[in-house]
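Chemist: What follows is the file target_26.cif, containing mmCIF, C-alpha atoms (C1' of nucleotides):
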```cif
data_start
#
loop_
_atom_site.label_atom_id
_atom_site.label_comp_id
_atom_site.auth_asym_id
_atom_site.auth_seq_id
_atom_site.Cartn_x
_atom_site.Cartn_y
_atom_site.Cartn_z
CA MET A 1 102.62 280.33 156.55
CA PRO A 2 101.09 279.13 159.77
CA VAL A 3 98.51 281.07 161.70
CA SER A 4 97.83 279.83 165.21
CA LYS A 5 100.35 280.11 167.96
CA ARG A 6 100.56 276.37 168.21
CA GLN A 7 101.28 276.10 164.52
CA LEU A 8 104.08 278.59 164.90
CA GLU A 9 105.52 276.69 167.82
CA GLU A 10 105.40 273.38 166.05
CA ARG A 11 107.08 274.90 163.09
CA GLN A 12 109.75 276.20 165.40
CA MET A 13 110.22 272.78 166.91
CA ARG A 14 110.63 271.21 163.51
CA GLN A 15 113.26 273.76 162.65
CA ASP A 16 115.08 272.99 165.87
CA ARG A 17 114.89 269.32 165.13
CA ILE A 18 116.54 269.94 161.80
CA LEU A 19 119.15 272.13 163.39
CA ASN A 20 119.99 269.48 165.93
CA GLY A 21 120.38 266.84 163.30
CA ALA A 22 122.46 269.19 161.22
CA LEU A 23 124.72 269.94 164.15
CA GLU A 24 125.49 266.26 164.52
CA VAL A 25 126.51 266.05 160.92
CA PHE A 26 128.39 269.35 160.70
CA LYS A 27 130.30 268.52 163.83
CA THR A 28 131.91 265.47 162.30
CA LYS A 29 131.94 266.36 158.62
CA GLY A 30 132.28 270.12 158.55
CA LEU A 31 130.32 272.48 156.34
CA GLU A 32 131.49 271.08 153.02
CA GLY A 33 131.68 267.49 154.08
CA ALA A 34 128.14 267.37 155.37
CA THR A 35 125.40 266.44 152.90
CA MET A 36 121.80 267.47 153.00
CA ASP A 37 120.86 263.83 152.57
CA GLU A 38 122.63 262.95 155.78
CA ILE A 39 121.11 265.86 157.61
CA ALA A 40 117.71 264.76 156.36
CA ILE A 41 118.18 261.24 157.64
CA GLU A 42 119.68 262.40 160.93
CA SER A 43 116.80 264.75 161.59
CA GLY A 44 114.09 262.44 160.31
CA PHE A 45 112.73 264.44 157.38
CA GLY A 46 112.87 264.03 153.65
CA LYS A 47 115.56 266.09 151.99
CA ALA A 48 113.10 268.28 150.16
CA THR A 49 111.46 269.13 153.46
CA LEU A 50 114.64 270.70 154.70
CA TYR A 51 114.28 273.21 151.90
CA TYR A 52 110.79 274.00 153.06
CA TYR A 53 112.29 275.30 156.28
CA PHE A 54 115.62 276.66 155.11
CA HIS A 55 116.82 278.09 151.85
CA SER A 56 120.19 276.41 151.70
CA LYS A 57 122.74 274.36 153.52
CA GLU A 58 124.64 277.52 154.44
CA GLU A 59 121.52 278.94 155.99
CA VAL A 60 121.17 275.87 158.18
CA PHE A 61 124.76 276.21 159.22
CA ALA A 62 124.41 279.89 159.96
CA ALA A 63 121.21 279.33 161.91
CA ILE A 64 123.01 277.00 164.30
CA LEU A 65 125.64 279.61 164.98
CA GLU A 66 123.14 282.43 165.22
CA ASN A 67 120.94 280.66 167.74
CA GLY A 68 123.91 279.42 169.71
CA TRP A 69 125.63 282.76 170.11
CA LYS A 70 122.40 284.57 170.74
CA ASP A 71 121.42 282.23 173.56
CA LEU A 72 124.88 282.31 175.02
CA TRP A 73 124.92 286.08 175.03
CA ALA A 74 121.47 286.21 176.58
CA SER A 75 122.61 283.99 179.41
CA LEU A 76 125.66 286.18 179.99
CA GLU A 77 123.90 289.51 180.12
CA PRO A 78 122.63 289.27 183.68
CA VAL A 79 126.02 288.10 184.88
CA ILE A 80 127.68 291.08 183.26
CA ALA A 81 125.09 293.49 184.52
CA GLY A 82 125.74 292.26 188.05
CA GLU A 83 127.43 294.67 190.38
CA GLU A 84 130.56 292.68 191.09
CA GLY A 85 134.13 293.81 190.51
CA PRO A 86 135.90 292.98 187.27
CA ARG A 87 137.72 289.95 188.57
CA LYS A 88 134.66 288.37 190.07
CA THR A 89 132.60 289.18 187.02
CA PHE A 90 135.25 287.75 184.76
CA VAL A 91 135.27 284.48 186.63
CA ASN A 92 131.50 284.42 186.70
CA VAL A 93 131.30 284.95 182.97
CA LEU A 94 133.64 282.07 182.34
CA LEU A 95 131.72 279.90 184.73
CA LYS A 96 128.48 280.75 183.01
CA ILE A 97 129.97 279.83 179.67
CA ALA A 98 131.21 276.60 181.18
CA GLU A 99 127.74 275.88 182.49
CA ASN A 100 126.27 276.35 179.05
CA ALA A 101 128.95 274.24 177.50
CA LYS A 102 128.35 271.46 179.95
CA ASN A 103 124.72 271.23 179.00
CA ARG A 104 125.35 271.14 175.28
CA PRO A 105 128.96 270.18 174.75
CA GLY A 106 128.51 269.38 171.09
CA LEU A 107 127.00 272.73 170.35
CA TYR A 108 129.66 274.71 172.15
CA GLU A 109 132.52 272.83 170.63
CA PHE A 110 130.96 273.76 167.35
CA LEU A 111 130.34 277.39 168.26
CA PHE A 112 133.93 277.97 169.21
CA ASN A 113 135.55 276.02 166.44
CA ALA A 114 133.39 276.44 163.38
CA PRO A 115 134.10 280.13 162.93
CA LYS A 116 137.69 279.43 162.03
CA VAL A 117 136.63 277.55 158.98
CA ILE A 118 134.10 280.08 157.76
CA THR A 119 135.09 283.24 156.02
CA PHE A 120 131.71 284.60 155.04
CA GLU A 121 131.56 288.27 155.70
CA GLU A 122 128.88 289.87 157.77
CA GLN A 123 127.51 286.94 159.67
CA PRO A 124 124.93 288.14 162.15
CA TRP A 125 126.22 285.83 164.87
CA LYS A 126 129.53 287.63 164.71
CA ARG A 127 127.89 290.55 166.43
CA TYR A 128 127.18 288.46 169.49
CA GLN A 129 130.59 286.90 169.39
CA ASN A 130 132.31 290.26 169.21
CA ARG A 131 130.18 291.66 171.96
CA MET A 132 131.19 288.78 174.18
CA TYR A 133 134.87 288.98 173.42
CA GLY A 134 134.80 292.73 173.81
CA THR A 135 133.19 292.45 177.19
CA ILE A 136 135.66 289.89 178.44
CA GLN A 137 138.54 291.94 177.15
CA GLY A 138 137.13 294.96 178.97
CA LEU A 139 136.80 293.05 182.21
CA LEU A 140 140.42 292.01 182.02
CA GLU A 141 141.57 295.56 181.34
CA ASP A 142 139.57 296.95 184.22
CA GLY A 143 140.70 294.16 186.48
CA ILE A 144 144.34 294.73 185.70
CA LYS A 145 143.95 298.45 186.20
CA ALA A 146 142.27 297.81 189.52
CA GLY A 147 145.14 295.55 190.51
CA GLU A 148 142.95 292.50 190.76
CA PHE A 149 145.00 290.53 188.26
CA PRO A 150 148.71 290.11 187.84
CA ASN A 151 150.06 292.98 185.81
CA ILE A 152 150.14 291.54 182.31
CA ASN A 153 149.45 293.05 178.94
CA PRO A 154 145.66 292.66 178.68
CA GLN A 155 145.86 291.46 175.09
CA LEU A 156 148.12 288.65 176.15
CA LEU A 157 146.08 287.78 179.16
CA PHE A 158 142.97 287.68 177.02
CA LYS A 159 144.51 285.30 174.55
CA ALA A 160 145.90 283.15 177.29
CA MET A 161 142.65 282.98 179.20
CA GLY A 162 140.66 282.37 176.07
CA GLY A 163 142.85 279.46 175.12
CA LEU A 164 143.05 278.12 178.63
CA PHE A 165 139.34 278.15 179.02
CA MET A 166 138.75 276.57 175.67
CA GLY A 167 141.23 273.88 176.52
CA LEU A 168 139.61 273.23 179.86
CA VAL A 169 136.03 273.22 178.87
CA LEU A 170 136.03 272.08 175.31
CA MET A 171 138.97 269.77 174.78
CA GLY A 172 137.13 267.06 176.55
CA ASP A 173 137.18 263.79 177.40
CA ARG A 174 133.56 262.97 177.82
CA LYS A 175 134.72 260.59 180.52
CA HIS A 176 136.40 263.18 182.71
CA PRO A 177 134.35 266.30 182.27
CA VAL A 178 135.70 269.31 184.04
CA SER A 179 133.51 270.49 186.88
CA GLU A 180 132.71 274.09 187.59
CA LYS A 181 134.70 273.80 190.72
CA ASP A 182 137.73 272.65 188.78
CA VAL A 183 137.47 275.66 186.53
CA GLU A 184 137.06 278.04 189.42
CA ASP A 185 139.92 276.57 191.41
CA LEU A 186 142.23 276.56 188.48
CA LEU A 187 141.48 280.13 187.55
CA ASN A 188 142.11 281.25 191.07
CA LYS A 189 145.25 279.21 191.40
CA LEU A 190 146.72 280.38 188.15
CA ILE A 191 145.72 284.00 188.20
CA ALA A 192 146.51 284.67 191.80
CA ASP A 193 144.74 287.74 193.09
CA PRO A 194 147.45 290.17 194.20
CA THR A 195 145.04 292.07 196.43
CA GLN A 196 144.13 288.93 198.38
CA LYS A 197 147.43 287.52 199.42
CA MET B 1 161.31 256.52 139.12
CA PRO B 2 164.33 258.77 139.27
CA VAL B 3 167.84 257.51 139.70
CA SER B 4 170.43 260.13 140.56
CA LYS B 5 170.51 261.90 143.87
CA ARG B 6 169.80 265.20 142.20
CA GLN B 7 166.76 263.73 140.50
CA LEU B 8 165.50 262.48 143.81
CA GLU B 9 166.01 265.87 145.40
CA GLU B 10 164.28 267.72 142.63
CA ARG B 11 161.40 265.37 142.87
CA GLN B 12 161.26 266.04 146.57
CA MET B 13 161.24 269.77 145.96
CA ARG B 14 158.39 269.48 143.54
CA GLN B 15 156.42 267.51 146.09
CA ASP B 16 157.10 270.19 148.67
CA ARG B 17 156.00 272.84 146.26
CA ILE B 18 152.73 271.05 145.80
CA LEU B 19 152.35 270.60 149.54
CA ASN B 20 152.91 274.28 150.14
CA GLY B 21 150.35 275.26 147.56
CA ALA B 22 147.95 272.75 148.98
CA LEU B 23 148.40 274.10 152.49
CA GLU B 24 147.36 277.55 151.32
CA VAL B 25 144.20 276.15 149.87
CA PHE B 26 143.35 273.72 152.66
CA LYS B 27 143.88 276.41 155.23
CA THR B 28 141.10 278.56 153.88
CA LYS B 29 138.81 275.97 152.31
CA GLY B 30 139.28 272.87 154.40
CA LEU B 31 139.69 269.36 153.09
CA GLU B 32 136.38 269.14 151.29
CA GLY B 33 136.21 272.72 150.16
CA ALA B 34 139.60 272.65 148.49
CA THR B 35 139.72 271.60 144.85
CA MET B 36 142.59 269.98 143.05
CA ASP B 37 142.27 272.65 140.37
CA GLU B 38 142.97 275.33 142.90
CA ILE B 39 145.86 273.43 144.38
CA ALA B 40 147.26 272.94 140.89
CA ILE B 41 147.08 276.65 140.11
CA GLU B 42 148.41 277.64 143.52
CA SER B 43 151.39 275.36 143.20
CA GLY B 44 152.03 276.01 139.52
CA PHE B 45 151.47 272.56 138.04
CA GLY B 46 148.84 271.10 135.81
CA LYS B 47 146.17 269.23 137.69
CA ALA B 48 147.11 265.87 136.26
CA THR B 49 150.67 266.39 137.44
CA LEU B 50 149.52 266.43 141.03
CA TYR B 51 148.44 262.86 140.54
CA TYR B 52 151.88 261.98 139.29
CA TYR B 53 153.18 262.86 142.74
CA PHE B 54 150.28 261.89 144.96
CA HIS B 55 147.54 259.33 144.67
CA SER B 56 144.69 261.46 145.91
CA LYS B 57 143.63 264.66 147.55
CA GLU B 58 143.51 262.92 150.89
CA GLU B 59 147.06 261.79 150.45
CA VAL B 60 148.17 265.36 149.87
CA PHE B 61 146.32 266.41 152.97
CA ALA B 62 147.82 263.62 155.03
CA ALA B 63 151.31 264.34 153.74
CA ILE B 64 151.14 267.88 155.06
CA LEU B 65 150.22 266.64 158.50
CA GLU B 66 152.73 263.82 158.43
CA ASN B 67 155.65 266.08 157.49
CA GLY B 68 154.58 268.75 159.89
CA TRP B 69 154.27 266.56 162.95
CA LYS B 70 157.39 264.63 162.11
CA ASP B 71 159.51 267.76 161.82
CA LEU B 72 157.99 269.22 164.96
CA TRP B 73 158.76 266.09 166.88
CA ALA B 74 162.28 265.96 165.53
CA SER B 75 162.90 269.50 166.72
CA LEU B 76 161.57 268.63 170.17
CA GLU B 77 163.60 265.53 170.76
CA PRO B 78 166.85 267.23 171.75
CA VAL B 79 164.98 269.55 174.08
CA ILE B 80 163.33 266.63 175.78
CA ALA B 81 166.55 264.64 175.97
CA GLY B 82 168.20 267.59 177.72
CA GLU B 83 169.04 267.11 181.34
CA GLU B 84 166.87 269.82 182.83
CA GLY B 85 164.19 269.35 185.43
CA PRO B 86 160.57 268.82 184.40
CA ARG B 87 159.50 272.40 184.83
CA LYS B 88 162.35 273.82 182.82
CA THR B 89 161.97 271.16 180.16
CA PHE B 90 158.25 271.81 179.95
CA VAL B 91 158.79 275.49 179.35
CA ASN B 92 161.51 274.75 176.85
CA VAL B 93 159.28 272.40 174.93
CA LEU B 94 156.57 275.01 174.70
CA LEU B 95 159.10 277.62 173.64
CA LYS B 96 160.43 275.32 170.96
CA ILE B 97 156.94 274.75 169.64
CA ALA B 98 156.39 278.48 169.66
CA GLU B 99 159.58 278.97 167.73
CA ASN B 100 158.46 276.52 165.09
CA ALA B 101 155.06 278.11 164.92
CA LYS B 102 156.54 281.54 164.49
CA ASN B 103 158.47 280.44 161.45
CA ARG B 104 155.56 278.81 159.74
CA PRO B 105 152.40 280.15 161.34
CA GLY B 106 150.14 278.90 158.58
CA LEU B 107 151.41 275.38 158.89
CA TYR B 108 151.09 275.22 162.64
CA GLU B 109 147.64 276.67 162.74
CA PHE B 110 146.78 273.91 160.34
CA LEU B 111 148.56 271.19 162.29
CA PHE B 112 146.74 271.99 165.48
CA ASN B 113 143.34 272.59 164.02
CA ALA B 114 142.93 270.23 161.10
CA PRO B 115 142.86 267.08 163.18
CA LYS B 116 139.55 268.03 164.71
CA VAL B 117 137.85 267.82 161.39
CA ILE B 118 139.41 264.57 160.31
CA THR B 119 138.24 261.26 161.62
CA PHE B 120 140.26 258.87 159.52
CA GLU B 121 141.53 256.09 161.63
CA GLU B 122 145.16 255.21 161.90
CA GLN B 123 146.82 258.29 160.52
CA PRO B 124 150.57 257.93 160.81
CA TRP B 125 151.00 261.51 161.99
CA LYS B 126 148.90 260.67 165.02
CA ARG B 127 151.83 258.71 166.35
CA TYR B 128 153.94 261.82 166.52
CA GLN B 129 151.12 263.84 167.95
CA ASN B 130 150.46 261.31 170.67
CA ARG B 131 154.11 261.04 171.48
CA MET B 132 154.29 264.79 171.92
CA TYR B 133 151.19 265.05 174.05
CA GLY B 134 152.29 262.08 176.11
CA THR B 135 155.65 263.64 176.76
CA ILE B 136 154.19 266.95 177.82
CA GLN B 137 151.73 265.23 180.06
CA GLY B 138 154.57 263.28 181.63
CA LEU B 139 156.58 266.43 182.23
CA LEU B 140 153.66 267.99 184.03
CA GLU B 141 153.14 264.92 186.19
CA ASP B 142 156.79 264.76 187.13
CA GLY B 143 156.90 268.48 187.74
CA ILE B 144 153.91 268.39 190.04
CA LYS B 145 155.31 265.43 191.90
CA ALA B 146 158.60 267.27 192.30
CA GLY B 147 156.72 270.27 193.65
CA GLU B 148 157.81 272.50 190.80
CA PHE B 149 154.27 273.34 189.80
CA PRO B 150 151.25 274.29 191.84
CA ASN B 151 149.56 271.15 193.07
CA ILE B 152 146.86 270.63 190.47
CA ASN B 153 145.41 267.53 188.89
CA PRO B 154 147.86 266.91 186.03
CA GLN B 155 145.05 266.17 183.57
CA LEU B 156 143.56 269.55 184.26
CA LEU B 157 146.84 271.35 184.13
CA PHE B 158 147.61 269.68 180.82
CA LYS B 159 144.37 270.78 179.29
CA ALA B 160 144.73 274.26 180.64
CA MET B 161 148.30 274.66 179.46
CA GLY B 162 147.52 273.17 176.09
CA GLY B 163 144.70 275.60 175.56
CA LEU B 164 146.58 278.53 176.97
CA PHE B 165 149.50 277.90 174.74
CA MET B 166 147.35 277.41 171.70
CA GLY B 167 145.58 280.63 172.44
CA LEU B 168 148.81 282.49 172.88
CA VAL B 169 150.68 281.21 169.93
CA LEU B 170 148.04 280.41 167.41
CA MET B 171 145.12 282.74 167.98
CA GLY B 172 147.09 285.50 166.39
CA ASP B 173 146.90 288.67 165.13
CA ARG B 174 149.61 288.71 162.54
CA LYS B 175 150.11 292.30 163.58
CA HIS B 176 150.88 291.63 167.22
CA PRO B 177 152.67 288.33 167.23
CA VAL B 178 153.51 287.01 170.63
CA SER B 179 157.21 286.98 171.33
CA GLU B 180 159.04 284.14 172.99
CA LYS B 181 159.66 286.37 175.89
CA ASP B 182 155.97 287.03 176.27
CA VAL B 183 155.29 283.33 176.36
CA GLU B 184 158.02 282.68 178.87
CA ASP B 185 157.01 285.54 181.13
CA LEU B 186 153.42 284.58 181.07
CA LEU B 187 154.08 280.96 181.84
CA ASN B 188 156.23 281.93 184.77
CA LYS B 189 153.78 284.49 186.03
CA LEU B 190 150.80 282.21 185.81
CA ILE B 191 152.32 278.97 186.96
CA ALA B 192 154.30 280.35 189.82
CA ASP B 193 157.06 278.04 190.90
CA PRO B 194 156.39 277.14 194.53
CA THR B 195 160.01 276.15 195.12
CA GLN B 196 161.27 279.57 194.06
CA LYS B 197 159.16 281.90 196.09
"C1'" DT C 1 171.72 260.70 117.57
"C1'" DT C 2 168.43 257.42 119.23
"C1'" DA C 3 166.02 254.83 122.49
"C1'" DA C 4 164.39 254.70 126.99
"C1'" DT C 5 162.61 256.97 130.91
"C1'" DA C 6 160.63 260.66 133.52
"C1'" DT C 7 157.54 264.51 133.67
"C1'" DT C 8 153.76 267.38 132.24
"C1'" DC C 9 149.09 268.45 131.19
"C1'" DG C 10 144.44 269.39 128.65
"C1'" DA C 11 140.60 267.04 127.84
"C1'" DA C 12 137.40 263.31 128.90
"C1'" DT C 13 134.83 260.42 132.49
"C1'" DG C 14 131.92 259.32 136.21
"C1'" DG C 15 130.03 260.02 140.60
"C1'" DT C 16 128.18 262.91 143.95
"C1'" DG C 17 125.30 266.11 146.01
"C1'" DA C 18 122.83 270.82 146.25
"C1'" DG C 19 118.78 272.44 145.04
"C1'" DT C 20 114.04 272.01 142.31
"C1'" DC C 21 109.56 270.03 140.76
"C1'" DG C 22 105.18 268.35 141.02
"C1'" DA C 23 102.32 265.70 143.10
"C1'" DA C 24 100.50 263.55 147.39
"C1'" DA C 25 99.21 263.52 152.24
"C1'" DA C 26 97.90 265.95 156.33
"C1'" DT C 27 95.89 269.60 158.68
"C1'" DT C 28 92.83 273.55 159.21
"C1'" DA C 29 88.79 276.46 158.04
"C1'" DA C 30 84.18 277.06 156.20
"C1'" DT D 1 81.99 267.52 153.98
"C1'" DT D 2 84.55 270.34 151.01
"C1'" DA D 3 87.83 273.68 149.86
"C1'" DA D 4 91.80 275.94 151.15
"C1'" DT D 5 96.31 275.78 153.16
"C1'" DT D 6 100.34 273.66 155.03
"C1'" DT D 7 103.64 270.09 155.11
"C1'" DT D 8 106.08 266.24 153.18
"C1'" DC D 9 109.01 263.87 149.99
"C1'" DG D 10 110.81 260.84 145.99
"C1'" DA D 11 112.64 261.56 141.80
"C1'" DC D 12 115.00 264.61 138.68
"C1'" DT D 13 118.32 268.02 137.01
"C1'" DC D 14 122.59 270.02 136.57
"C1'" DA D 15 126.94 271.84 138.00
"C1'" DC D 16 131.02 270.71 139.97
"C1'" DC D 17 135.11 268.09 140.95
"C1'" DA D 18 138.17 263.99 141.89
"C1'" DT D 19 140.37 261.01 139.13
"C1'" DT D 20 142.00 258.88 134.69
"C1'" DC D 21 143.57 258.82 129.78
"C1'" DG D 22 146.53 259.34 126.24
"C1'" DA D 23 149.39 261.91 124.04
"C1'" DA D 24 153.17 265.39 124.12
"C1'" DT D 25 157.47 267.18 125.87
"C1'" DA D 26 161.68 267.05 128.35
"C1'" DT D 27 165.49 264.70 130.32
"C1'" DT D 28 168.86 261.00 130.74
"C1'" DA D 29 171.57 257.03 128.95
"C1'" DA D 30 173.75 254.47 125.24
#
```
Can you give me the file's structure in the form of structure tokens?
Modeler:
Amino acid sequence: MPVSKRQLEERQMRQDRILNGALEVFKTKGLEGATMDEIAIESGFGKATLYYYFHSKEEVFAAILENGWKDLWASLEPVIAGEEGPRKTFVNVLLKIAENAKNRPGLYEFLFNAPKVITFEEQPWKRYQNRMYGTIQGLLEDGIKAGEFPNINPQLLFKAMGGLFMGLVLMGDRKHPVSEKDVEDLLNKLIADPTQK
Amino acid sequence: MPVSKRQLEERQMRQDRILNGALEVFKTKGLEGATMDEIAIESGFGKATLYYYFHSKEEVFAAILENGWKDLWASLEPVIAGEEGPRKTFVNVLLKIAENAKNRPGLYEFLFNAPKVITFEEQPWKRYQNRMYGTIQGLLEDGIKAGEFPNINPQLLFKAMGGLFMGLVLMGDRKHPVSEKDVEDLLNKLIADPTQK
DNA sequence: TTAATATTCGAATGGTGAGTCGAAAATTAA
DNA sequence: TTAATTTTCGACTCACCATTCGAATATTAA
């Protein structure tokens, strides 16, 4: 194992390089369809080298998800900690996710779709995912209670918003990406704020 | 090849049986992860028999999508041909899809998610899919023009509604399935009809 | 009943791809 | 410079799986 800080960093960068290549391949081929040979070519290493950095194909796959969700959650924390009301916070959270997604569309498409395919138990990234969903769900509940949203069963509203947002931000059209403003406008137009009116 | 009508029908039923078994397997394992052995066991035939009815695993996979989209489209046609206004028709189309999905949740989850993974060109089922999406898009455009929807870029509204609906109907909780009424209420609450007011 | 046809399937075949090995090259430390 | 130590990778193994074979069984037709 490496010693100096630089060595550690370079090692990290090589891992990231592999992960990026792997993402490309997983995105189009899926977990089973992707081959380590392809990932090796895509990331510019020999196949055996991949195994120097990761134990298995599954580990590579999981690492992408783990990093992705962790970073996403980290970026959301300050937004959530902010002292705004539930409605505002809710919108801000979605906007922050959209911002992330805009920077790395491939990654986020993957983050939000891959889980469906996987059934492994106990994936560490699930913790972040659950935390995020839980938070959003909570914001909706609070917001409805506070009368800041239309009075809808929170469960339903959560599903609807989740889908809506996914559709908006991820079902893209590289050509016509959805701007933050679009997202904000649409949210406000669709979920009219009863207290404003 | 069979001769009598009964023979033809029985053959058809056996194919369907295989397709149903295959769906179970594909749903959890994906195209690559699924094995013909599993499909054979699941559907109650010997593996070699599968090849008597289909040429390849891909063909089985494609047949599920083809049948699914074709049937869905067939069930939508009368709704679309109906003489209601765009807004009403739009809602009816979504409700009809929801109805279908409720009857065969596994199939519809598959129909709407599998395509992402597949990149084959020229799949016949894509024709049905495109026709459906095109129609819905058209309804939204007409509806906006007629002032029956909030004035939003139709592209955006389409994405949003597509996602919302998918979230509602497919991201389920077997335990708390979303009722048609829920869907209808929600649609009406979120996309307020400006002409009603 | 017998011949033709349709259906079924277990056992081979062949290719593919995950993961390993052992040796080389590159880098760091002494 | 030399001796570790780290990194790289082509070639190999081996299990798995789609697909095919060839023979058996069942059904229909004469």
Chemist: Would you kindly report the residues of chain B within 9 Å of chain A, using all atoms listed in the file, as a compact mmCIF listing (two decimals) with C-alpha atoms, in the coordinates of the input?
Modeler:
```txt
# COMPACT_ATOMS: atom_id res chain seq x y z
CA LYS B 27 143.88 276.41 155.23
CA THR B 28 141.10 278.56 153.88
CA LYS B 29 138.81 275.97 152.31
CA GLY B 30 139.28 272.87 154.40
CA LEU B 31 139.69 269.36 153.09
CA GLU B 32 136.38 269.14 151.29
CA GLY B 33 136.21 272.72 150.16
CA ASN B 113 143.34 272.59 164.02
CA LYS B 116 139.55 268.03 164.71
CA VAL B 117 137.85 267.82 161.39
CA ILE B 118 139.41 264.57 160.31
CA THR B 119 138.24 261.26 161.62
CA PRO B 150 151.25 274.29 191.84
CA ILE B 152 146.86 270.63 190.47
CA LEU B 156 143.56 269.55 184.26
CA LEU B 157 146.84 271.35 184.13
CA PHE B 158 147.61 269.68 180.82
CA LYS B 159 144.37 270.78 179.29
CA ALA B 160 144.73 274.26 180.64
CA MET B 161 148.30 274.66 179.46
CA GLY B 162 147.52 273.17 176.09
CA GLY B 163 144.70 275.60 175.56
CA LEU B 164 146.58 278.53 176.97
CA PHE B 165 149.50 277.90 174.74
CA MET B 166 147.35 277.41 171.70
CA GLY B 167 145.58 280.63 172.44
CA LEU B 168 148.81 282.49 172.88
CA VAL B 169 150.68 281.21 169.93
CA MET B 171 145.12 282.74 167.98
CA GLY B 172 147.09 285.50 166.39
CA VAL B 178 153.51 287.01 170.63
CA ASP B 182 155.97 287.03 176.27
CA VAL B 183 155.29 283.33 176.36
CA LEU B 186 153.42 284.58 181.07
CA LYS B 189 153.78 284.49 186.03
CA LEU B 190 150.80 282.21 185.81
CA ILE B 191 152.32 278.97 186.96
CA ALA B 192 154.30 280.35 189.82
```
Chemist: Which residues match the PyMOL selection byres ((chain D and resi 22) around 12) in the file above, as an MDAnalysis selection string?
Modeler: (chainID B and resid 48) or (chainID C and resid 9:12) or (chainID D and resid 20:21 23:24)
Chemist: Just checking: using only C-alpha atoms (C1' of nucleotides), which residue out of A:Ala22, A:Ala62, A:Ile144, A:Leu50 ends up closest to chain D?
Modeler: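 When distances to chain D are compared using only C-alpha atoms (C1' of nucleotides), the smallest one comes from A:Leu50.
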Chemist: Starting from chain B, keep only residues with some atom at most 12 Å from an atom of chain C, counting all atoms listed in the file, and report them as an NGL selection string.
Modeler: :B and (1-3 or 7-8 or 10-11 or 14 or 40 or 44-53)
Chemist: So what does the PyMOL selection byres ((chain D) within 12 of (chain B)) actually pick up in this one, as a list of chain:residue names?
Modeler: D:DC16, D:DC17, D:DA18, D:DT19, D:DT20, D:DC21, D:DG22, D:DT27, D:DT28, D:DA29
Chemist: Could you tell me how far CA of Phe90 in chain B lies from CA of Glu66 in chain B, in Å and to one decimal?
Modeler: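 These atoms are spaced 23.6 Å apart.
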Chemist: Would you kindly return, as a PyMOL selection string, each protein, DNA or RNA residue with an atom no farther than 12 Å from any atom of Lys70 in chain A, considering all atoms listed in the file and excluding same-chain residues fewer than 2 positions away?
Modeler: chain A and resi 62-68+72-77+111+124-132
Chemist: So that I have them on file, write out the residues from the current selection with C-alpha atoms, as a PDB file, in the coordinates of the input.
Modeler:
```
ATOM      1  CA  ALA A  62     124.410 279.890 159.960  1.00  0.00           C
ATOM      2  CA  ALA A  63     121.210 279.330 161.910  1.00  0.00           C
ATOM      3  CA  ILE A  64     123.010 277.000 164.300  1.00  0.00           C
ATOM      4  CA  LEU A  65     125.640 279.610 164.980  1.00  0.00           C
ATOM      5  CA  GLU A  66     123.140 282.430 165.220  1.00  0.00           C
ATOM      6  CA  ASN A  67     120.940 280.660 167.740  1.00  0.00           C
ATOM      7  CA  GLY A  68     123.910 279.420 169.710  1.00  0.00           C
ATOM      8  CA  LEU A  72     124.880 282.310 175.020  1.00  0.00           C
ATOM      9  CA  TRP A  73     124.920 286.080 175.030  1.00  0.00           C
ATOM     10  CA  ALA A  74     121.470 286.210 176.580  1.00  0.00           C
ATOM     11  CA  SER A  75     122.610 283.990 179.410  1.00  0.00           C
ATOM     12  CA  LEU A  76     125.660 286.180 179.990  1.00  0.00           C
ATOM     13  CA  GLU A  77     123.900 289.510 180.120  1.00  0.00           C
ATOM     14  CA  LEU A 111     130.340 277.390 168.260  1.00  0.00           C
ATOM     15  CA  PRO A 124     124.930 288.140 162.150  1.00  0.00           C
ATOM     16  CA  TRP A 125     126.220 285.830 164.870  1.00  0.00           C
ATOM     17  CA  LYS A 126     129.530 287.630 164.710  1.00  0.00           C
ATOM     18  CA  ARG A 127     127.890 290.550 166.430  1.00  0.00           C
ATOM     19  CA  TYR A 128     127.180 288.460 169.490  1.00  0.00           C
ATOM     20  CA  GLN A 129     130.590 286.900 169.390  1.00  0.00           C
ATOM     21  CA  ASN A 130     132.310 290.260 169.210  1.00  0.00           C
ATOM     22  CA  ARG A 131     130.180 291.660 171.960  1.00  0.00           C
ATOM     23  CA  MET A 132     131.190 288.780 174.180  1.00  0.00           C
TER      24      MET A 132
END
```
Chemist: Could you work out how far CA of Trp69 in chain B lies from CA of Leu95 in chain B, giving the answer in Å with one decimal?
Modeler: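 Straight-line distance from CA of Leu95 in chain B to CA of Trp69 in chain B works out to 16.1 Å.
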Chemist: Would you pick out the contacts of Leu19 in chain B at 7 Å or less, using all atoms listed in the file, so that residues sharing its chain but fewer than 4 positions from it are not included, and give the list as a compact mmCIF listing (two decimals) with C-alpha atoms, in the frame of the given file?
Modeler:
```txt
# COMPACT_ATOMS: atom_id res chain seq x y z
CA GLN B 15 156.42 267.51 146.09
CA LEU B 23 148.40 274.10 152.49
CA VAL B 60 148.17 265.36 149.87
CA ILE B 64 151.14 267.88 155.06
```
Chemist: Any idea what the distance is between CA of Glu141 in chain A and CA of Lys96 in chain A?
Modeler: 19.8 Å
Chemist: Which residue is closest to Val25 in chain A? Choose from A:Gly138, A:Gly106, A:Pro154, A:Gly147 and count all atoms listed in the file.
Modeler: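 Result for the nearest residue to Val25 in chain A: A:Gly106.
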